[in-house]
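Undergrad: Below is a structure I'd like to ask you about.
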There are 2 protein chains.
Amino acid sequence: MTEDELIAAIQALCVCHPERRRRTILGIGDDAAVWQPSRSHRSVISSDVLVEGVHFRRDLLSLEESGWRAMAANLSDLAAMGARPVLATVALAVPAAQASHEILDVYRGIAACAHRYDIEIAGGDLSRSEAIAIAITVVGEVRATGYKTRYGGRPGDVLAVTGELGAARAGLLGEEQGQEAFRRPQPRLAEGRFLGASVNVDAMMDCSDGLSTDVRRLCVASGCGAILDTIPVAAAARVAAARTGDDPDRFVLGAGEDFELIVAVRPRAFPHVSGAFGKRFARPLQRIGTLRREPGIEWKGAPLESSGWDHFG
Amino acid sequence: MTEDELIAAIQALCVCHPERRRRTILGIGDDAAVWQPSRSHRSVISSDVLVEGVHFRRDLLSLEESGWRAMAANLSDLAAMGARPVLATVALAVPAAQASHEILDVYRGIAACAHRYDIEIAGGDLSRSEAIAIAITVVGEVRATGYKTRYGGRPGDVLAVTGELGAARAGLLGEEQGQEAFRRPQPRLAEGRFLGASVNVDAMMDCSDGLSTDVRRLCVASGCGAILDTIPVAAAARVAAARTGDDPDRFVLGAGEDFELIVAVRPRAFPHVSGAFGKRFARPLQRIGTLRREPGIEWKGAPLESSGWDHFG
């Protein structure tokens, strides 16, 4: 079973009687779930767990940086829904041998990212374990009409990303220019809210598992396929690919840990949306391709295999 | 540093500027956090992580039972706030060698408990790790006047618990009668909402870490002490204590994993509250002692040391 197949099986287990589904508007399978605490409001919730040795290694990332990254990964899921952060809970499991100052280092990184993006840490849990595991849940809020899913893409939509990709992977491989993207990734919260507010954005998600994996997920969820034509390669990724002898585009297609957003935009509105985006954020909304009716992803005239992150593939 | 000291240090790190504290009414340190999604509503959130080898062992608890217990532990935190369950997210970390059916076994237990207590599983995350870690976040709702904290206890209040204690520990030790309490613990959600709705209940929390630890936490949070006089010992705990040669009261004072609630009730109202509780739930609200001005816990005329669960003590 791949991770996506396993998630489908879990979804089937967790589904509840329709008459009990009172509050949840969007459930398992998107970046975050949406519910309705009162008639006029929508809340958004997302949980992510980062495990030492799987998502981060101490020889590559300090404990403080791991904490920042864990919080940023969760905030990126709120960004992908177009939501504003409200509060977070942090469940931390650490080896008993871990000194208190090391536990506090992880928290220092979590808190720094939380303060930067104005989300309050409201609670959590602390436990022993063999390896450090950081499980964060974030809650956000969004206007009833302002949230986006990965289900809404339509054939003909322009696929675009909010920035160049591959810098985090380059940073992981030791590239100087990619260090900031690797160590202190910036979730695209303002970008997500801007794009979430546009009626011309049909679908949105983050691309933290790599472009080839995440474009496929958006396509499967939206019941369509895509033709990719341009990959915006970050400068750091270009340098790292040259050093390792990889093709820069291939390097980026399989590069996870970037927190840019992927959006599907109505084709006629794309010039307007990308123009407004450019004015607001002083960098372009980068067109990467088009959604099509036929399933599967095409890249340079050939089917594209998923080369991103799969925990169980 | 003990777990409580570490939590205080974390609290200091996470505290945010007062002008940013817009929504959160109750933060770190209680069973759950409370926030205000809209003027008329209060939402409650709590996260707990259960780790294999720390909170459960496969030779003692099946994967399905571990899943049930993880969800029940989280629901117990909602019960302690007097909240109604709304939705949950589940972040599961499992060894890569774990077969899909084992992962689904954990989820089966989580889903069974979720369906039993009418909470919808709305999302989550799946990751590799060395040992199984189950991190669950639950969201509930409560009327603005209906939630209880552990801070509200006053000297003179009657301390009481919603049921007999020690059955889960007896079950862990192999006692037949304690198996249900150990394997399928029942969070006291209806009891929590009933007690939460009473103006005569000043404080409430669950006693999942053992009576001696949790009564102390309630006292420290409320700025007072307590005299304990009666410990309601479950039949299974009595049998287990006799077998191991322990004093039954001592056995219970250090017994965690029970999900009964501890409440502090205004003394003049106690007969009325416990009478109504008995009628509604067909078992008594068990008086265990009294809050006092002087700090510290007294038991049988001597200071009581904390003998419950501390991850880092």
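Starting from 1 in every chain, residues are counted up; chains themselves are A, B, ... following the order of the structure tokens, and ligands are numbered from 1 as listed.
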Fewer than 4 positions away in the same chain doesn't count, so skip those; otherwise give me all residues within 7 Å of region 120-130 of chain B, counting only C-alpha atoms, as a list in words.

TA: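 So, after excluding close chain neighbours, the residues are Cys14, Cys16, Gly27, Ile28, Gly29, Ala32, Ala33, Ser46, Ser47, Asp48, Val49, Val51, Val54 and His311 of chain A; Val86, Leu87, Ala88, Thr89, Val90, Ala91, Leu92, Ala93, Val94, Pro95, Ala96 and Ala114 of chain B.
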
Undergrad: Which neighbours of region 275-290 of chain B fall inside 10 Å, counting only C-alpha atoms, when residues of the same chain fewer than 2 positions from it are skipped, and could you give them as a PyMOL selection string?

TA: chain B and resi 154-164+190-191+194-195+225-232+261-265+267+269-273+292+297-299

Undergrad: Going by DSSP on the backbone, which bits of region 218-297 of chain A are helix (DSSP H, G or I)? Write them as a count of residues only, please.

TA: 36

Undergrad: Please provide as a list of chain:residue names all residues within 9 Å of Met204 (chain B), with the sequence filter that same-chain residues fewer than 2 positions apart are discarded (counting only C-alpha atoms).

TA: B:Ala80, B:Met81, B:Gly82, B:Lys148, B:Thr149, B:Arg150, B:Tyr151, B:Gly152, B:Gly153, B:Gly192, B:Leu195, B:Gly196, B:Val201, B:Asp202, B:Asp206, B:Leu218, B:Leu261, B:Ile262, B:Val263, B:Ala264

Undergrad: Mind listing the strand (DSSP E or B) residues of region 14-205 of chain B, per DSSP on the backbone, as a PyMOL selection string?

TA: chain B and resi 24-26+33-38+41-52+56+84-94+120-128+133-142+158-161+165+201-205

Undergrad: With only C-alpha atoms as the basis for distance, which of B:Tyr147, B:Arg293, B:Ser274, B:Ala168 is at the shortest distance from Cys219 (chain B)?

TA: B:Arg293
